[in-house]
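**Student:** Compact mmCIF, N, CA and C atoms, file final-v5.txt:
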# COMPACT_ATOMS: atom_id res chain seq x y z
N MET A 126 -119.92 -8.64 19.77
CA MET A 126 -119.38 -7.34 20.06
C MET A 126 -120.17 -6.29 19.28
N ARG A 127 -120.52 -5.23 19.96
CA ARG A 127 -121.26 -4.16 19.29
C ARG A 127 -120.31 -3.28 18.51
N THR A 128 -120.75 -2.85 17.36
CA THR A 128 -119.96 -1.92 16.56
C THR A 128 -120.51 -0.51 16.67
N GLY A 129 -121.70 -0.37 17.21
CA GLY A 129 -122.29 0.95 17.37
C GLY A 129 -123.27 1.30 16.27
N SER A 130 -123.32 0.53 15.19
CA SER A 130 -124.21 0.88 14.09
C SER A 130 -125.48 0.04 14.06
N GLU A 131 -125.56 -1.04 14.87
CA GLU A 131 -126.75 -1.87 14.83
C GLU A 131 -127.76 -1.41 15.86
N PRO A 132 -129.04 -1.70 15.63
CA PRO A 132 -130.04 -1.34 16.63
C PRO A 132 -129.86 -2.17 17.89
N VAL A 133 -130.26 -1.64 19.00
CA VAL A 133 -130.12 -2.33 20.27
C VAL A 133 -131.02 -3.56 20.31
N THR A 134 -132.16 -3.51 19.64
CA THR A 134 -133.11 -4.61 19.69
C THR A 134 -133.01 -5.52 18.46
N ALA A 135 -131.88 -5.57 17.78
CA ALA A 135 -131.72 -6.37 16.57
C ALA A 135 -131.84 -7.86 16.89
N ARG A 136 -132.55 -8.57 16.07
CA ARG A 136 -132.72 -10.02 16.22
C ARG A 136 -132.57 -10.66 14.84
N SER A 137 -132.17 -11.91 14.84
CA SER A 137 -132.02 -12.65 13.59
C SER A 137 -133.37 -13.22 13.16
N ALA A 138 -133.55 -13.37 11.87
CA ALA A 138 -134.79 -13.93 11.33
C ALA A 138 -134.67 -15.45 11.28
N LEU A 139 -134.61 -16.08 12.47
CA LEU A 139 -134.38 -17.51 12.53
C LEU A 139 -135.57 -18.31 12.01
N ARG A 140 -136.78 -17.84 12.25
CA ARG A 140 -137.94 -18.60 11.77
C ARG A 140 -138.01 -18.59 10.25
N ALA A 141 -137.69 -17.48 9.63
CA ALA A 141 -137.67 -17.44 8.17
C ALA A 141 -136.57 -18.36 7.63
N ARG A 142 -135.43 -18.36 8.29
CA ARG A 142 -134.33 -19.24 7.89
C ARG A 142 -134.72 -20.71 8.08
N LEU A 143 -135.47 -21.00 9.13
CA LEU A 143 -135.94 -22.37 9.35
C LEU A 143 -136.85 -22.83 8.21
N TRP A 144 -137.81 -21.99 7.82
CA TRP A 144 -138.73 -22.38 6.76
C TRP A 144 -138.02 -22.49 5.41
N LEU A 145 -137.04 -21.64 5.16
CA LEU A 145 -136.26 -21.78 3.93
C LEU A 145 -135.45 -23.07 3.95
N SER A 146 -134.98 -23.46 5.10
CA SER A 146 -134.25 -24.71 5.24
C SER A 146 -135.17 -25.91 5.02
N VAL A 147 -136.37 -25.85 5.53
CA VAL A 147 -137.35 -26.92 5.31
C VAL A 147 -137.67 -27.04 3.83
N TRP A 148 -137.85 -25.89 3.19
CA TRP A 148 -138.13 -25.86 1.75
C TRP A 148 -136.97 -26.48 0.96
N GLY A 149 -135.74 -26.13 1.32
CA GLY A 149 -134.58 -26.69 0.65
C GLY A 149 -134.44 -28.19 0.90
N ALA A 150 -134.75 -28.64 2.11
CA ALA A 150 -134.67 -30.07 2.42
C ALA A 150 -135.70 -30.85 1.59
N ALA A 151 -136.89 -30.30 1.45
CA ALA A 151 -137.93 -30.97 0.66
C ALA A 151 -137.48 -31.11 -0.79
N TRP A 152 -136.92 -30.06 -1.37
CA TRP A 152 -136.45 -30.13 -2.75
C TRP A 152 -135.26 -31.06 -2.89
N ALA A 153 -134.40 -31.11 -1.88
CA ALA A 153 -133.24 -32.01 -1.93
C ALA A 153 -133.69 -33.47 -1.89
N VAL A 154 -134.69 -33.78 -1.06
CA VAL A 154 -135.22 -35.15 -1.01
C VAL A 154 -135.87 -35.51 -2.34
N PHE A 155 -136.64 -34.57 -2.89
CA PHE A 155 -137.28 -34.79 -4.20
C PHE A 155 -136.21 -35.01 -5.27
N GLY A 156 -135.17 -34.19 -5.27
CA GLY A 156 -134.10 -34.33 -6.27
C GLY A 156 -133.35 -35.63 -6.11
N THR A 157 -133.10 -36.04 -4.89
CA THR A 157 -132.41 -37.31 -4.65
C THR A 157 -133.23 -38.47 -5.21
N ALA A 158 -134.51 -38.48 -4.91
CA ALA A 158 -135.38 -39.56 -5.39
C ALA A 158 -135.51 -39.53 -6.92
N ALA A 159 -135.71 -38.34 -7.48
CA ALA A 159 -135.90 -38.23 -8.92
C ALA A 159 -134.63 -38.65 -9.68
N PHE A 160 -133.47 -38.19 -9.24
CA PHE A 160 -132.24 -38.55 -9.94
C PHE A 160 -131.89 -40.03 -9.73
N ALA A 161 -132.25 -40.59 -8.60
CA ALA A 161 -132.01 -42.02 -8.38
C ALA A 161 -132.89 -42.85 -9.30
N LEU A 162 -134.14 -42.44 -9.51
CA LEU A 162 -135.05 -43.17 -10.39
C LEU A 162 -134.65 -43.05 -11.85
N VAL A 163 -134.11 -41.91 -12.23
CA VAL A 163 -133.72 -41.69 -13.62
C VAL A 163 -132.40 -42.39 -13.94
N GLY A 164 -131.61 -42.69 -12.93
CA GLY A 164 -130.35 -43.38 -13.15
C GLY A 164 -129.15 -42.44 -13.19
N ARG A 165 -129.23 -41.35 -12.48
CA ARG A 165 -128.12 -40.39 -12.37
C ARG A 165 -127.57 -40.43 -10.95
N PRO A 166 -126.68 -41.37 -10.64
CA PRO A 166 -126.22 -41.51 -9.26
C PRO A 166 -125.38 -40.33 -8.78
N GLY A 167 -124.67 -39.67 -9.65
CA GLY A 167 -123.87 -38.51 -9.25
C GLY A 167 -124.74 -37.36 -8.76
N TRP A 168 -125.78 -37.06 -9.54
CA TRP A 168 -126.71 -35.99 -9.15
C TRP A 168 -127.51 -36.38 -7.92
N ALA A 169 -127.85 -37.67 -7.81
CA ALA A 169 -128.57 -38.13 -6.63
C ALA A 169 -127.70 -37.98 -5.39
N ALA A 170 -126.41 -38.29 -5.52
CA ALA A 170 -125.50 -38.12 -4.39
C ALA A 170 -125.34 -36.65 -4.02
N ALA A 171 -125.27 -35.78 -5.03
CA ALA A 171 -125.15 -34.34 -4.76
C ALA A 171 -126.39 -33.83 -4.03
N CYS A 172 -127.56 -34.27 -4.44
CA CYS A 172 -128.79 -33.86 -3.75
C CYS A 172 -128.84 -34.45 -2.35
N GLY A 173 -128.31 -35.65 -2.17
CA GLY A 173 -128.25 -36.25 -0.85
C GLY A 173 -127.34 -35.47 0.09
N VAL A 174 -126.21 -35.01 -0.42
CA VAL A 174 -125.31 -34.18 0.39
C VAL A 174 -125.98 -32.86 0.73
N LEU A 175 -126.68 -32.28 -0.24
CA LEU A 175 -127.41 -31.03 0.02
C LEU A 175 -128.48 -31.25 1.08
N TRP A 176 -129.14 -32.41 1.05
CA TRP A 176 -130.14 -32.72 2.07
C TRP A 176 -129.49 -32.79 3.45
N LEU A 177 -128.31 -33.42 3.54
CA LEU A 177 -127.61 -33.49 4.83
C LEU A 177 -127.24 -32.10 5.33
N VAL A 178 -126.79 -31.22 4.44
CA VAL A 178 -126.44 -29.85 4.83
C VAL A 178 -127.66 -29.12 5.37
N THR A 179 -128.80 -29.28 4.70
CA THR A 179 -130.01 -28.58 5.17
C THR A 179 -130.49 -29.14 6.50
N VAL A 180 -130.33 -30.45 6.73
CA VAL A 180 -130.74 -31.02 8.01
C VAL A 180 -129.84 -30.50 9.14
N VAL A 181 -128.54 -30.41 8.90
CA VAL A 181 -127.63 -29.86 9.90
C VAL A 181 -127.97 -28.38 10.16
N ASP A 182 -128.28 -27.65 9.09
CA ASP A 182 -128.65 -26.25 9.25
C ASP A 182 -129.93 -26.12 10.08
N MET A 183 -130.89 -26.99 9.83
CA MET A 183 -132.13 -26.95 10.62
C MET A 183 -131.85 -27.23 12.10
N ALA A 184 -130.95 -28.17 12.37
CA ALA A 184 -130.61 -28.48 13.76
C ALA A 184 -129.98 -27.27 14.45
N VAL A 185 -129.09 -26.57 13.74
CA VAL A 185 -128.45 -25.38 14.31
C VAL A 185 -129.48 -24.28 14.54
N ILE A 186 -130.37 -24.10 13.59
CA ILE A 186 -131.41 -23.07 13.72
C ILE A 186 -132.32 -23.38 14.90
N LEU A 187 -132.76 -24.62 15.02
CA LEU A 187 -133.63 -24.99 16.14
C LEU A 187 -132.92 -24.80 17.47
N ARG A 188 -131.64 -25.11 17.52
CA ARG A 188 -130.87 -24.89 18.75
C ARG A 188 -130.83 -23.41 19.11
N HIS A 189 -130.62 -22.56 18.12
CA HIS A 189 -130.59 -21.11 18.37
C HIS A 189 -131.95 -20.58 18.80
N ILE A 190 -133.01 -21.11 18.20
CA ILE A 190 -134.35 -20.67 18.59
C ILE A 190 -134.64 -21.07 20.03
N ARG A 191 -134.25 -22.28 20.41
CA ARG A 191 -134.50 -22.75 21.78
C ARG A 191 -133.66 -22.02 22.81
N GLN A 192 -132.50 -21.50 22.41
CA GLN A 192 -131.65 -20.75 23.34
C GLN A 192 -132.30 -19.43 23.75
N GLY A 193 -133.12 -18.88 22.89
CA GLY A 193 -133.77 -17.62 23.19
C GLY A 193 -132.84 -16.44 22.94
N PRO A 194 -133.31 -15.24 23.26
CA PRO A 194 -132.48 -14.05 23.02
C PRO A 194 -131.26 -14.04 23.92
N HIS A 195 -130.18 -13.56 23.40
CA HIS A 195 -128.94 -13.47 24.16
C HIS A 195 -128.81 -12.09 24.77
N TYR A 196 -127.87 -11.98 25.68
CA TYR A 196 -127.62 -10.70 26.34
C TYR A 196 -127.16 -9.67 25.32
N GLN A 197 -127.76 -8.53 25.36
CA GLN A 197 -127.34 -7.40 24.54
C GLN A 197 -126.92 -6.28 25.47
N PRO A 198 -125.73 -5.73 25.32
CA PRO A 198 -125.33 -4.64 26.20
C PRO A 198 -126.21 -3.42 26.00
N GLY A 199 -126.40 -2.67 27.07
CA GLY A 199 -127.24 -1.48 27.01
C GLY A 199 -126.55 -0.30 26.36
N ARG A 200 -127.25 0.82 26.35
CA ARG A 200 -126.71 2.02 25.71
C ARG A 200 -125.51 2.59 26.45
N ASP A 201 -125.38 2.24 27.74
CA ASP A 201 -124.28 2.79 28.51
C ASP A 201 -122.95 2.08 28.23
N VAL A 202 -122.99 0.95 27.52
CA VAL A 202 -121.76 0.22 27.19
C VAL A 202 -121.26 0.75 25.85
N PRO A 203 -120.05 1.29 25.81
CA PRO A 203 -119.57 1.84 24.55
C PRO A 203 -119.31 0.72 23.54
N PRO A 204 -119.56 0.98 22.25
CA PRO A 204 -119.38 -0.07 21.25
C PRO A 204 -117.91 -0.38 20.99
N TYR A 205 -117.03 0.50 21.31
CA TYR A 205 -115.60 0.29 21.09
C TYR A 205 -114.84 1.15 22.08
N ARG A 206 -113.55 0.91 22.19
CA ARG A 206 -112.73 1.67 23.12
C ARG A 206 -112.69 3.13 22.67
N PRO A 207 -112.92 4.08 23.58
CA PRO A 207 -112.90 5.49 23.20
C PRO A 207 -111.56 5.87 22.59
N ALA A 208 -111.62 6.81 21.67
CA ALA A 208 -110.42 7.26 20.98
C ALA A 208 -109.51 8.02 21.94
N ASP A 209 -108.24 7.94 21.68
CA ASP A 209 -107.25 8.67 22.46
C ASP A 209 -107.36 10.15 22.10
N THR A 210 -107.49 11.01 23.11
CA THR A 210 -107.72 12.44 22.84
C THR A 210 -106.42 13.23 22.69
N ARG A 211 -105.28 12.58 22.92
CA ARG A 211 -104.02 13.30 22.79
C ARG A 211 -103.70 13.52 21.31
N PRO A 212 -103.13 14.68 20.97
CA PRO A 212 -102.75 14.90 19.57
C PRO A 212 -101.54 14.02 19.23
N PRO A 213 -101.39 13.69 17.96
CA PRO A 213 -100.24 12.87 17.57
C PRO A 213 -98.94 13.66 17.75
N PRO A 214 -97.83 13.00 18.03
CA PRO A 214 -96.56 13.72 18.21
C PRO A 214 -96.13 14.39 16.91
N LEU A 215 -95.53 15.56 17.06
CA LEU A 215 -95.05 16.29 15.90
C LEU A 215 -93.76 15.66 15.39
N ARG A 216 -93.64 15.60 14.09
CA ARG A 216 -92.43 15.06 13.49
C ARG A 216 -91.74 16.14 12.70
N ARG A 217 -90.45 16.19 12.85
CA ARG A 217 -89.68 17.16 12.06
C ARG A 217 -89.45 16.60 10.67
N PRO A 218 -89.45 17.52 9.69
CA PRO A 218 -89.13 17.06 8.34
C PRO A 218 -87.66 16.66 8.30
N PRO A 219 -87.30 15.70 7.47
CA PRO A 219 -85.91 15.28 7.39
C PRO A 219 -85.03 16.44 6.87
N GLN A 220 -83.85 16.55 7.42
CA GLN A 220 -82.91 17.59 6.97
C GLN A 220 -81.93 16.94 6.00
N HIS A 221 -81.76 17.61 4.87
CA HIS A 221 -80.86 17.10 3.86
C HIS A 221 -79.46 17.64 4.14
N ARG A 222 -78.51 16.79 4.10
CA ARG A 222 -77.13 17.19 4.31
C ARG A 222 -76.37 17.00 3.02
N HIS A 223 -75.70 18.07 2.61
CA HIS A 223 -74.92 17.99 1.38
C HIS A 223 -73.44 17.93 1.75
N PRO A 224 -72.66 17.14 1.01
CA PRO A 224 -71.22 17.04 1.34
C PRO A 224 -70.44 18.27 1.02
Using structure tokens, write down the structure that the file contains.
**Tutor:**
Amino acid sequence: MRTGSEPVTARSALRARLWLSVWGAAWAVFGTAAFALVGRPGWAAACGVLWLVTVVDMAVILRHIRQGPHYQPGRDVPPYRPADTRPPPLRRPPQHRHP
């Protein structure tokens, strides 16, 4: 949904996100191997989970890249429902009644 403040030709930086994901996956594999060799199974497991997250992220990114650009509404489509032009109803101030 358009909010009206973004450019019409806005695109996501998917290729930069892909390369950052590859970089993170490489470090996660290195960390998993290094911690496994040193004898730190907890840290090795944490790096292994991080590696799985980066692989899933890469799969999502590649899917989005393969989908190509999505439909973007043109300038004639309003970003939100136009405001109501009627003035708000007038309210009377409360009247105080004394006994």
**Student:** Give the helix (DSSP H, G or I) residues of region 147-201 of chain A, as assigned by DSSP on the backbone, as a PyMOL selection string.
**Tutor:** chain A and resi 147-163+166-192
**Student:** Provide the atom N of Val174 (chain A) to atom N of Trp148 (chain A) distance in Å, to one decimal place.
**Tutor:**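 Value for the atom N of Val174 (chain A)-atom N of Trp148 (chain A) distance: 15.2 Å.
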**Student:** What is the atom N of Ala169 (chain A)-atom C of Leu143 (chain A) distance in Å, reported with one decimal?
**Tutor:**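 Interatomic distance here is 23.6 Å.
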**Student:** My list of candidates is A:Met183, A:Leu215, A:Leu139, A:Gly156. Which is closest to Ala170 (chain A) when distances are computed with all atoms listed in the file?
**Tutor:** A:Gly156
**Student:** What is the CA of Val178 (chain A)-CA of Ala150 (chain A) distance in Å, reported with one decimal?
**Tutor:**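 Here the two named atoms are 8.6 Å from each other.
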**Student:** Env of Thr157 (chain A): 6.5 Å cut, atoms = all atoms listed in the file, seq-sep filter 5 positions within chain, self excluded. Answer as a list in words.
**Tutor:**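 Once the adjacent positions are removed, what remains is Trp152, Leu162, Trp168, Ala169, Ala170, Cys172 and Gly173 of chain A.
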**Student:** Would you compute the box with edges along x, y and z of the file around region 183-194 of chain A, including every atom the file lists for it and 5 Å extra on each side, and give its centre and edge lengths in Å to one decimal, as JSON?
**Tutor:**
{"center_x": -131.5, "center_y": -21.3, "center_z": 16.9, "size_x": 16.2, "size_y": 24.4, "size_z": 24.1}
**Student:** With distances taken over only N, CA and C atoms, which residue among A:Ala138, A:Arg222, A:Pro166, A:Leu175 lies nearest Val154 (chain A)?
**Tutor:** A:Leu175
